[in-house]
Structure formats: C-alpha cells, structure tokens
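Here's the structure, in structure tokens; my notes come after.
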Amino acid sequence: MITKNSFGTTQNGENVDIYTIGNTTGMEVDVITYGATLNAIRTPDRDGNIGDVLVGFDDLEGHEQHSNYQGMTVGRYANRIANGRFTLDGVEYNLVKNEKGITCLHGGGELSHAVWSATIADDCRLEMSYTSPDGAMGFPGKVDFRVSFTVYEDNSLEIRYYAVSDKKTVINMTNHAYFNLACHGDILGHELMINADAFTPTDEHSIPTGEIRRVEGTPFDFRITKPIGRDIGAPDEQLRNCKGYDHNFCLNDSEGPAAVAYDPESGRVLELFTDMCGVQLYCGNFLNGSYSGKQGKPVIKHAGFCLETQFYPDTPNCPGFPQCTYEAGQPFESITVFRFSVRN
Ligand code: BGC
C-alpha cells in the first residue's frame with residue numbers, strides 16, 4: 001500500500017521522493033522527503049467524494065520558496081524561543097534568530113528544509129530519519145531524528161516522533177499541517193473543540209508571558225464546540241496581537257480527543273489525539289494570497305488551521321512550564337494521531 005515516485009530536485013541538487021501510503025478504505029497520504037512533509041491527505045466527504053484536506057503545494061519549488069511550513073516536520077524546537085537564547089547548566093546558547101532578527105522560530109527551519117532518508121517499514125508505515133549536527137542553528141548536541149507516518153484502516157494517520165542527542169539539549173517536534181476539511185475557501189466556518197481549560201498568553205513577539213490563563217469567559221474557550229470564526233475578531237488584546245488565533249492551548253490530561261474539527265459543508269471530521277501537553281492553534285492569520293499553492297490557487301488568509309502538538313512555546317526560558325530538556329542518550333518520544341471520519 002506504499003508507492004514511491006520522484007518529486008524533483010532541490011535547488012541544491014538533492015533528489016526528493018514522494019511516498020503515497022494508502023489503506024483499503026480509500027484514504028491516501030502523500031509524504032515527501034523534503035522536510036518529512038505531509039504533502040496531501042485525501043479522505044472522503046459525507047457523499048464519498050475524495051478530497052485533499054491539506055493546504056500546500058503541488059511542487060517542490062512551492063515548498064522551497066514560499067513555505068510557511070505547510071505540512072512540514074518542525075524542530076529542533078518547534079515554535080518560538082525568546083531572543084533566540086536559552087541557558088542550560090549555566091551555558092548560554094545563542095540560536096539563529098530567523099524571525100525578524102528577534103526570535104528563533106521553528107528551530108530556524110532546519111528539519112523542515114532538510115532532505116530526510118525514507119524507509120518503507122511495512123505496508124502502512126513509512127519511517128524517515130535525519131541527523132542534525134552538534135551546534136546546528138546554535139543548539140547543543142548531535143541529534144538523530146526519526147518520524148514515522150502510519151495510515152490505519154480507520155482513516156487515522158499516526159505520526160511518531162523520536163529524537164536522541166549525544167549531549168543534553170532541548171527538543172520539541174511537531175508537524176505543521178494546515179487543514180481545510182472543505183478543501184477550498186477559508187476555515188472560519190469549521191467548528192472546533194479543544195480540550196483545554198487554559199492557554200498561554202503572549203507578548204507582541206508571540207512569546208509567552210509565563211502566565212497560564214484560564215479560557216473561561218475568553219474567546220479562547222473552545223471546550224464547547226464553536227465555529228473558528230465566531231470570536232476570532234473579538235476585541236481582545238491577544239487576538240489583536242496575532243491577527244487571530246496563534247496560541248498554545250494547555251491540554252487537559254483526560255481521556256478522549258485533544259481537539260475535534262468539523263466542517264458542516266463536507267461533513268468531514270478530524271479528531272486529534274496526542275501525548276503532548278500543548279497544541280498551537282494557528283489559523284493562517286498571516287497568509288495573504290501573495291503566493292499560489294495547489295492548482296495555482298492563492299493561499300489566502302485563514303486558508304487552513306494548524307493544530308501543532310508541542311511543548312509550550314519558549315519552554316527553555318519558562319521554568320513554570322512542563323520541561324523539554326533531554327539528557328544525552330535520553331530519547332524524546334511522542335505520538336500524534338489525526339483521525340478522519342464523516343458526520344451526516
Ligand atoms: C506560528 C505562526 C507562524 C506560522 C508559520 C506557527 O506555528 O505560531 O506565528 O506564522 O507558524 O511560520
């Protein structure tokens with residue numbers, strides 16, 4: 001159920017492959033070796049019509065030149081580190097400040113723009129690996145990263161992350177898929193539930209202030225399903241700073257999905273399960289149609305929503321958050337599942 005084809009050559013002359021993982025019920029997932037990137041997820045709507053629910057690109061050039069991390073694996077440290085700086089055992093590490101020269105965003109993009117090695121592990125699981133050298137983007141330790149993608153018969157996609165360093169370091173891995181369950185337009189009409197009693201408010205650079213704020217009585221209360229667009233424009237300082245939702249939710253430690261999204265038009269449902277403590281809800285607020293994506297269509301504001309499972313942003317500088325420090329040889333391991341279904 002896994003096929004392999006060429007997906008072209010990077011500007012540096014590296015070959016990139018595309019793998020398609022399918023199940024017998026009609027779901028297919030395309031993964032490319034550039035960035036261990038989810039390139040497409042094709043799932044049926046309530047009438048059985050198959051559609052691609054990922055916002056992204058048809059070709060490698062799009063991923064290389066225009067990407068806002070569409071579908072990419074992100075690390076070493078997904079999300080932001082304030083002032084591109086943190087201290088470990090008294091040693092200060094200065095990282096690449098790839099966001100406005102101020103913050104380190106998504107580990108400087110290293111994992112997302114690397115070409116990964118791929119192995120077909122079995123008929124429904126693809127494994128990818130990449131080794132990041134000691135000091136890459138300023139982080140300590142040579143780290144072996146592994147990501148596997150498994151497609152199950154119940155239309156779920158499981159992503160397993162594994163990383164092990166030869167020195168004490170910080171690790172936070174995620175996938176940056178932008179979902180649009182309608183396969184067109186914007187996602188403001190999608191309904192969303194997030195099982196989180198709290199979120200982490202941010203400053204003007206999208207860095208957490210350290211506060212863990214209860215969602216009750218705020219536009220961040222998604223504990224009862226509501227359309228994403230209902231409160232996104234509310235007169236709230238947090239929403240104004242980020243032009244909408246671009247925040248980490250502190251997931252409740254309870255049974256059931258961490259989040260559920262539903263598109264009333266197509267009937268598609270996406271359930272998210274994870275063992276991580278946080279999830280970044282980002283609604284493509286900074287996309288503006290300035291470049292084209294799949295089928296040459298402009299990638300518009302709110303074209304997709306991301307549910308980036310993660311440690312909280314800037315954890316290395318926030319002692320009050322669940323910590324993301326790993327000793328030499330101590331593996332980082334995490335599982336995230338996206339399960340697709342339909343509702344009538
Ligand atoms: C961040 C956004 C950013 C996007 C693309 C998200 O994880 O929270 O602020 O624009 O990634 O880089």
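How things are named: the first chain in the structure tokens is A, the next is B, and so on; residues count from 1 in each chain; ligands count from 1 in the order shown.
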Produce a table with one row for each residue of chain A that has an atom at most 8 Å from any atom of ligand 1, each row naming the nearest atom pair and its distance in Å at one decimal; use only C-alpha atoms and all ligand atoms; arrange rows by chain and rising residue number; format as CSV.
```
residue,atom,partner,partner_atom_place_in_ligand_line,distance
A:Asn68,CA,ligand 1,5 (C),4.6
A:Tyr69,CA,ligand 1,5 (C),5.9
A:Ala78,CA,ligand 1,7 (O),7.5
A:Asn79,CA,ligand 1,7 (O),5.5
A:Arg80,CA,ligand 1,8 (O),7.8
A:Leu105,CA,ligand 1,12 (O),7.2
A:His106,CA,ligand 1,7 (O),7.3
A:His176,CA,ligand 1,7 (O),6.9
A:Ser206,CA,ligand 1,9 (O),7.1
A:Cys242,CA,ligand 1,9 (O),7.4
A:Asp246,CA,ligand 1,8 (O),5.2
A:His247,CA,ligand 1,8 (O),6.7
A:Gln280,CA,ligand 1,7 (O),6.7
A:Leu281,CA,ligand 1,8 (O),7.7
A:Tyr282,CA,ligand 1,8 (O),5.8
A:Gly284,CA,ligand 1,10 (O),7.1
A:Asn285,CA,ligand 1,10 (O),7.4
A:Phe286,CA,ligand 1,10 (O),5.9
A:Cys306,CA,ligand 1,7 (O),7.7
A:Glu308,CA,ligand 1,7 (O),7.0
```
**Neighbour list for Asn23 of chain A as a list of chain:residue names, cut-off 10 Å, only C-alpha atoms, skip fewer than 6 positions in-chain** = A:Met1, A:Ile2, A:Val29, A:Asp123, A:Cys124, A:Thr150, A:Val151, A:Tyr152, A:Glu153, A:Asp154, A:Asn155, A:Ser156
**Asked** Could you write out, as number ranges by chain, all the residues of segment 24-156 of chain A that DSSP marks as alpha helix (DSSP H)?
**Response** A: 60-66
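Taking atom CA of Ala121 of chain A and atom CA of Phe149 of chain A as the two end points, the separation is 9.7 Å.
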**Asked** Using the chain letters and numbers from this document, which residues of segment 17-241 of chain A does DSSP assign to strand (DSSP E or B), as an MDAnalysis selection string?
**Response** chainID A and resid 17:22 28:32 34 37:44 50:52 54:55 73:74 77 80:81 85:88 91:94 99 103:105 115 117:122 125:132 143:151 156:165 169:170 172 174:175 178:179 191:194 196:200 202 208 213:214 226:227
**Request:** Go through A:Phe7, A:His66, A:Gly48, A:His190 and flag the residue nearest Gly289 of chain A, using only C-alpha atoms for the distances.
**Result:** A:His66
**Message:** If we count only C-alpha atoms and set the cut-off at 10 Å, which residues sit around Cys283 of chain A, ignoring sequence neighbours fewer than 6 positions away in its own chain? Please answer as an MDAnalysis selection string.
**Reply:** chainID A and resid 178:179 186:188 228:229 232 242:247 301:307
Would you save the residues from that selection as a PDB file, in the first residue's frame, using C-alpha atoms?
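Done, and the output landed in part23.pdb:
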```pdb
ATOM      1  CA  TYR A 178      -2.699  23.339   7.538  1.00  0.00           C
ATOM      2  CA  PHE A 179      -6.058  21.569   7.349  1.00  0.00           C
ATOM      3  CA  ASP A 186     -11.314  29.576   4.360  1.00  0.00           C
ATOM      4  CA  ILE A 187     -11.804  27.648   7.590  1.00  0.00           C
ATOM      5  CA  LEU A 188     -13.766  30.236   9.595  1.00  0.00           C
ATOM      6  CA  ILE A 228     -13.498  29.110  14.485  1.00  0.00           C
ATOM      7  CA  GLY A 229     -14.739  32.403  13.056  1.00  0.00           C
ATOM      8  CA  ILE A 232     -11.700  35.326  16.033  1.00  0.00           C
ATOM      9  CA  CYS A 242      -1.713  37.812  16.396  1.00  0.00           C
ATOM     10  CA  LYS A 243      -4.466  38.800  13.943  1.00  0.00           C
ATOM     11  CA  GLY A 244      -6.485  35.866  15.257  1.00  0.00           C
ATOM     12  CA  TYR A 245      -5.707  32.593  16.993  1.00  0.00           C
ATOM     13  CA  ASP A 246      -1.994  31.800  17.095  1.00  0.00           C
ATOM     14  CA  HIS A 247      -1.725  30.459  20.616  1.00  0.00           C
ATOM     15  CA  LYS A 301      -5.803  34.360   4.877  1.00  0.00           C
ATOM     16  CA  HIS A 302      -7.341  31.602   7.023  1.00  0.00           C
ATOM     17  CA  ALA A 303      -6.922  29.066   4.171  1.00  0.00           C
ATOM     18  CA  GLY A 304      -6.245  26.403   6.795  1.00  0.00           C
ATOM     19  CA  PHE A 305      -5.912  25.770  10.509  1.00  0.00           C
ATOM     20  CA  CYS A 306      -2.956  24.120  12.223  1.00  0.00           C
ATOM     21  CA  LEU A 307      -3.054  22.017  15.359  1.00  0.00           C
TER      22      LEU A 307
END
```
**Message:** With only C-alpha atoms as the counted atoms, please give the residues lying no more than 12 Å from Asp47 of chain A, apart from itself and same-chain residues fewer than 5 positions off, as a list in words.
**Reply:** Glu265, Ser266, Gly267, Arg268, Ser341, Val342, Arg343 and Asn344 of chain A
Expected file: the selected residues, C-alpha atoms, as a CSV table (one decimal), in the first residue's frame:
```csv
chain,number,residue,atom,x,y,z
A,265,GLU,CA,-20.4,21.6,4.4
A,266,SER,CA,-18.5,18.4,3.6
A,267,GLY,CA,-19.3,16.6,6.8
A,268,ARG,CA,-15.6,15.8,7.3
A,341,SER,CA,-14.4,10.5,9.6
A,342,VAL,CA,-17.7,12.0,8.4
A,343,ARG,CA,-20.9,13.2,10.1
A,344,ASN,CA,-24.2,13.4,8.3
```
